[in-house]
Amino acid sequence: MIITVISFKGGVGKSTLSQNLAVTFAHNKREVCILDADKNESSSIWERFRDEDLPTVPVFHVSEQGDISKTINNLAEKYEIVIVDCPPAIENVTSRAVMKSDISLIPVSTTGGGDIWATEKFLEHIELLRSKLDAVIPCYFVVNRYESNVNMHKAYLEALKEHQKVYNVGMISTVMAKRNAYGEANANGRGVIEWDNPKAKKEAKAIANEVFDVALKLIS
Ligand SMILES: Nc1ncnc2c1ncn2[C@@H]1O[C@H](COP(=O)(O)OP(=O)(O)O)[C@@H](O)[C@H]1O
Ligand SMILES: [Mg+2]
C-alpha cells in the first residue's frame with residue numbers, strides 16, 4: 001500500500017500526518033516505512049529522536065534529483081505500507097509519487113483564506129495530471145488544526161465540501177484538532193499514540209484506521 005501525503009503549502013501537517021499514520025500502523029504490527037521526499041528532512045530528523053524500544057518506523061530520504069519512482073518500487077517490495085512525505089509542491093517528485101500511490105492525502109489547515117486558495121491551485125494541478133495520464137488519482141482531504149469553537153473553521157469545512165465536488169476529492173471524516181500533543185510527540189520522535197493525550201491518541205487511531213480502510217477499498 002502506497003500512501004502519499006501532499007500539498008502546495010508547507011506547515012499544513014504533511015510530516016505530522018505521515019509520522020502519526022506510520023507510528024499507528026507500526027503499533028498495529030504493520031511493516032511500515034516513511035519515504036521523506038522533502039529537502040527539509042523533517043521526518044528523517046524526527047526518526048533520529050525515536051527511542052529504540054518503540055516499534056520501528058524506518059525513514060528513508062530521497063532528494064529532488066533522486067528517482068523517486070524506483071525508490072518507491074523498491075520500498076513497496078519490502079514494506080506492507082510506504083508513506084511518502086512530500087515537499088510542498090506538485091512538480092517532479094510529488095507528481096511521480098502521486099502517480100505511484102494508491103491514495104494521496106491532502107492535509108489542509110483550517111486557517112485563513114490563503115490555505116483554501118492554495119488548495120484550489122493545487123487541485124487544478126491534480127486535475128491536469130489526471131487528464132494527462134488518464135488516471136483516477138484518488139485524493140482525500142485530511143482536515144488539520146481544527147478548532148470546533150471557531151466559526152471560521154466551520155465555514156472552511158463547508159468550503160472544502162464544495163471543492164470536493166468540483167475536484168472529485170474525498171474527505172477523511174476524522175479531523176485532526178489543534179493540539180499541542182502533535183508538536184510535543186513530534187519533538188520526541190513519537191506519534192501521539194505514544195504521548196499522554198487520550199483525545200489525540202483516539203483521533204490518530206481513528207484516522208489511521210479510516211485511511212487504511214479507504215486505501216484497501218481503492219486497491220481491491
Ligand atoms: N493538529 C495540530 N495541532 C497543533 N500543531 C500541529 C498540528 N499539526 C501540525 N502541527 C505543527 O505544525 C508544524 C508544521 O507541521 P508539519 O507536519 O511539519 O507540516 P508540513 O510537513 O506540511 O510542512 C509542526 O510544528 C507541527 O508540530
Ligand atoms: Mg514536512
# chains A, B, ... in the order shown; residues from 1 in each chain; ligands from 1
>>> select_by_dssp(residues="stretch 8-191 of chain A", states="helix (DSSP H, G or I)", output="number ranges by chain")
A: 14-27, 42-48, 68-78, 93-100, 112-133, 151-167, 180-187
>>> write_last_selection(atoms="C-alpha atoms", output="mmCIF file, in the first residue's frame")
data_model
loop_
_atom_site.group_PDB
_atom_site.id
_atom_site.type_symbol
_atom_site.label_atom_id
_atom_site.label_comp_id
_atom_site.auth_asym_id
_atom_site.auth_seq_id
_atom_site.Cartn_x
_atom_site.Cartn_y
_atom_site.Cartn_z
ATOM 1 C CA LYS A 14 2.173 16.642 5.955
ATOM 2 C CA SER A 15 5.014 15.375 8.119
ATOM 3 C CA THR A 16 2.857 15.272 11.246
ATOM 4 C CA LEU A 17 0.252 13.177 9.432
ATOM 5 C CA SER A 18 2.902 10.928 7.830
ATOM 6 C CA GLN A 19 4.562 10.263 11.174
ATOM 7 C CA ASN A 20 1.333 9.641 13.073
ATOM 8 C CA LEU A 21 -0.008 7.284 10.423
ATOM 9 C CA ALA A 22 3.303 5.389 10.366
ATOM 10 C CA VAL A 23 3.538 5.095 14.159
ATOM 11 C CA THR A 24 -0.072 3.942 14.472
ATOM 12 C CA PHE A 25 0.361 1.364 11.700
ATOM 13 C CA ALA A 26 3.587 0.148 13.340
ATOM 14 C CA HIS A 27 1.715 -0.396 16.631
ATOM 15 C CA SER A 42 11.640 16.758 8.889
ATOM 16 C CA SER A 43 10.717 13.086 9.082
ATOM 17 C CA SER A 44 14.327 11.919 8.758
ATOM 18 C CA ILE A 45 15.302 14.156 11.687
ATOM 19 C CA TRP A 46 12.216 13.061 13.682
ATOM 20 C CA GLU A 47 13.281 9.429 13.380
ATOM 21 C CA ARG A 48 16.673 10.188 14.947
ATOM 22 C CA ILE A 68 11.561 8.508 -6.516
ATOM 23 C CA SER A 69 9.587 6.023 -8.644
ATOM 24 C CA LYS A 70 12.369 3.473 -8.387
ATOM 25 C CA THR A 71 12.784 4.062 -4.653
ATOM 26 C CA ILE A 72 9.045 3.654 -4.091
ATOM 27 C CA ASN A 73 9.064 0.378 -6.062
ATOM 28 C CA ASN A 74 11.962 -0.964 -4.013
ATOM 29 C CA LEU A 75 10.393 0.007 -0.697
ATOM 30 C CA ALA A 76 6.984 -1.370 -1.691
ATOM 31 C CA GLU A 77 8.605 -4.775 -2.193
ATOM 32 C CA LYS A 78 9.919 -4.779 1.373
ATOM 33 C CA VAL A 93 8.966 14.377 -7.013
ATOM 34 C CA THR A 94 5.381 14.897 -5.852
ATOM 35 C CA SER A 95 3.814 14.166 -9.251
ATOM 36 C CA ARG A 96 5.795 10.956 -9.573
ATOM 37 C CA ALA A 97 4.911 9.886 -6.042
ATOM 38 C CA VAL A 98 1.228 10.659 -6.633
ATOM 39 C CA MET A 99 1.248 8.542 -9.806
ATOM 40 C CA LYS A 100 2.644 5.591 -7.850
ATOM 41 C CA GLY A 112 -7.371 31.831 6.705
ATOM 42 C CA GLY A 113 -8.221 32.226 3.029
ATOM 43 C CA GLY A 114 -4.670 31.659 1.790
ATOM 44 C CA ASP A 115 -4.908 27.961 2.561
ATOM 45 C CA ILE A 116 -8.063 27.421 0.576
ATOM 46 C CA TRP A 117 -6.764 29.380 -2.421
ATOM 47 C CA ALA A 118 -3.559 27.347 -2.388
ATOM 48 C CA THR A 119 -5.658 24.183 -2.176
ATOM 49 C CA GLU A 120 -7.629 25.249 -5.267
ATOM 50 C CA LYS A 121 -4.443 25.838 -7.248
ATOM 51 C CA PHE A 122 -3.085 22.514 -6.123
ATOM 52 C CA LEU A 123 -6.221 20.646 -7.141
ATOM 53 C CA GLU A 124 -6.061 22.236 -10.592
ATOM 54 C CA HIS A 125 -2.630 20.622 -10.984
ATOM 55 C CA ILE A 126 -4.019 17.275 -9.838
ATOM 56 C CA GLU A 127 -6.770 17.607 -12.465
ATOM 57 C CA LEU A 128 -4.122 18.274 -15.124
ATOM 58 C CA LEU A 129 -2.203 15.210 -14.021
ATOM 59 C CA ARG A 130 -5.373 13.137 -14.098
ATOM 60 C CA SER A 131 -6.225 14.136 -17.642
ATOM 61 C CA LYS A 132 -2.636 13.854 -18.884
ATOM 62 C CA LEU A 133 -2.344 10.316 -17.553
ATOM 63 C CA ASN A 151 -16.656 29.858 13.272
ATOM 64 C CA MET A 152 -14.051 30.400 10.567
ATOM 65 C CA HIS A 153 -13.076 26.723 10.813
ATOM 66 C CA LYS A 154 -16.679 25.588 10.344
ATOM 67 C CA ALA A 155 -17.001 27.847 7.298
ATOM 68 C CA TYR A 156 -13.774 26.401 5.982
ATOM 69 C CA LEU A 157 -15.151 22.865 6.248
ATOM 70 C CA GLU A 158 -18.147 23.929 4.144
ATOM 71 C CA ALA A 159 -15.843 25.470 1.519
ATOM 72 C CA LEU A 160 -13.839 22.251 1.389
ATOM 73 C CA LYS A 161 -17.024 20.290 0.742
ATOM 74 C CA GLU A 162 -17.578 22.447 -2.360
ATOM 75 C CA HIS A 163 -14.021 21.705 -3.502
ATOM 76 C CA GLN A 164 -14.689 18.012 -3.034
ATOM 77 C CA LYS A 165 -17.467 18.161 -5.607
ATOM 78 C CA VAL A 166 -15.627 20.350 -8.107
ATOM 79 C CA TYR A 167 -12.341 18.447 -7.985
ATOM 80 C CA ASN A 180 -0.052 20.672 21.498
ATOM 81 C CA ALA A 181 0.388 16.900 21.700
ATOM 82 C CA TYR A 182 1.201 16.777 17.968
ATOM 83 C CA GLY A 183 4.175 19.103 18.348
ATOM 84 C CA GLU A 184 5.301 17.540 21.635
ATOM 85 C CA ALA A 185 5.198 13.979 20.322
ATOM 86 C CA ASN A 186 6.992 15.089 17.151
ATOM 87 C CA ALA A 187 9.808 16.747 19.099
#
>>> residues_near_ligand(ligand="ligand 2", cutoff="9 Å", atoms="only C-alpha atoms and all ligand atoms", output="PyMOL selection string")
chain A and resi 10-16+18+36-43+85-88
>>> write_last_selection(atoms="C-alpha atoms", output="compact mmCIF listing (two decimals), in the first residue's frame")
# COMPACT_ATOMS: atom_id res chain seq x y z
CA GLY A 10 4.49 23.98 3.99
CA GLY A 11 3.33 23.79 7.58
CA VAL A 12 -0.08 22.23 6.87
CA GLY A 13 0.78 18.98 8.65
CA LYS A 14 2.17 16.64 5.96
CA SER A 15 5.01 15.38 8.12
CA THR A 16 2.86 15.27 11.25
CA SER A 18 2.90 10.93 7.83
CA ASP A 36 10.91 11.51 3.21
CA ALA A 37 10.93 13.39 -0.10
CA ASP A 38 11.19 16.89 1.36
CA LYS A 39 14.56 18.56 1.43
CA ASN A 40 13.77 19.95 4.89
CA GLU A 41 14.19 16.31 6.05
CA SER A 42 11.64 16.76 8.89
CA SER A 43 10.72 13.09 9.08
CA ASP A 85 6.06 12.60 2.97
CA CYS A 86 6.25 15.08 0.08
CA PRO A 87 7.67 18.58 -0.37
CA PRO A 88 5.20 21.49 -0.63
>>> atom_distance(atom1="atom CA of A:Glu210", atom2="atom CA of A:Arg179")
20.0 Å
>>> residues_around(residues="stretch 169-178 of chain A", least_positions_apart="5", cutoff="10 Å", atoms="only C-alpha atoms", output="PyMOL selection string")
chain A and resi 13+17+104-110+123+137-148+160-164+183+199-200+203-211+214
>>> select_by_dssp(residues="stretch 16-209 of chain A", states="strand (DSSP E or B)", output="JSON, numbers by chain")
{"A": [32, 33, 34, 35, 36, 59, 60, 61, 81, 82, 83, 84, 85, 103, 104, 105, 106, 107, 108, 109, 139, 140, 141, 142, 143, 144, 146, 170, 171, 177]}
>>> closest_residue(among="A:Val136, A:Met1, A:Pro55, A:Val150", to="A:Tyr79", atoms="only C-alpha atoms")
A:Met1
>>> atom_distance(atom1="atom CA of A:Gly66", atom2="atom CA of A:Ile90")
15.7 Å
>>> closest_residue(among="A:Lys9, A:Lys202, A:Arg190, A:Lys217", to="ligand 1", atoms="only C-alpha atoms and all ligand atoms")
A:Lys9
>>> closest_residue(among="A:Ile81, A:Cys33, A:Ser7, A:Ser220", to="ligand 1", atoms="only C-alpha atoms and all ligand atoms")
A:Ser7
>>> residues_around(residues="A:Asp53", least_positions_apart="4", cutoff="12 Å", atoms="only C-alpha atoms", output="VMD selection string")
chain A and resid 49 57 189 to 190 194
>>> closest_residue(among="A:Leu54, A:Val192, A:Ile34, A:Ile83", to="A:Asp102", atoms="only C-alpha atoms")
A:Ile83
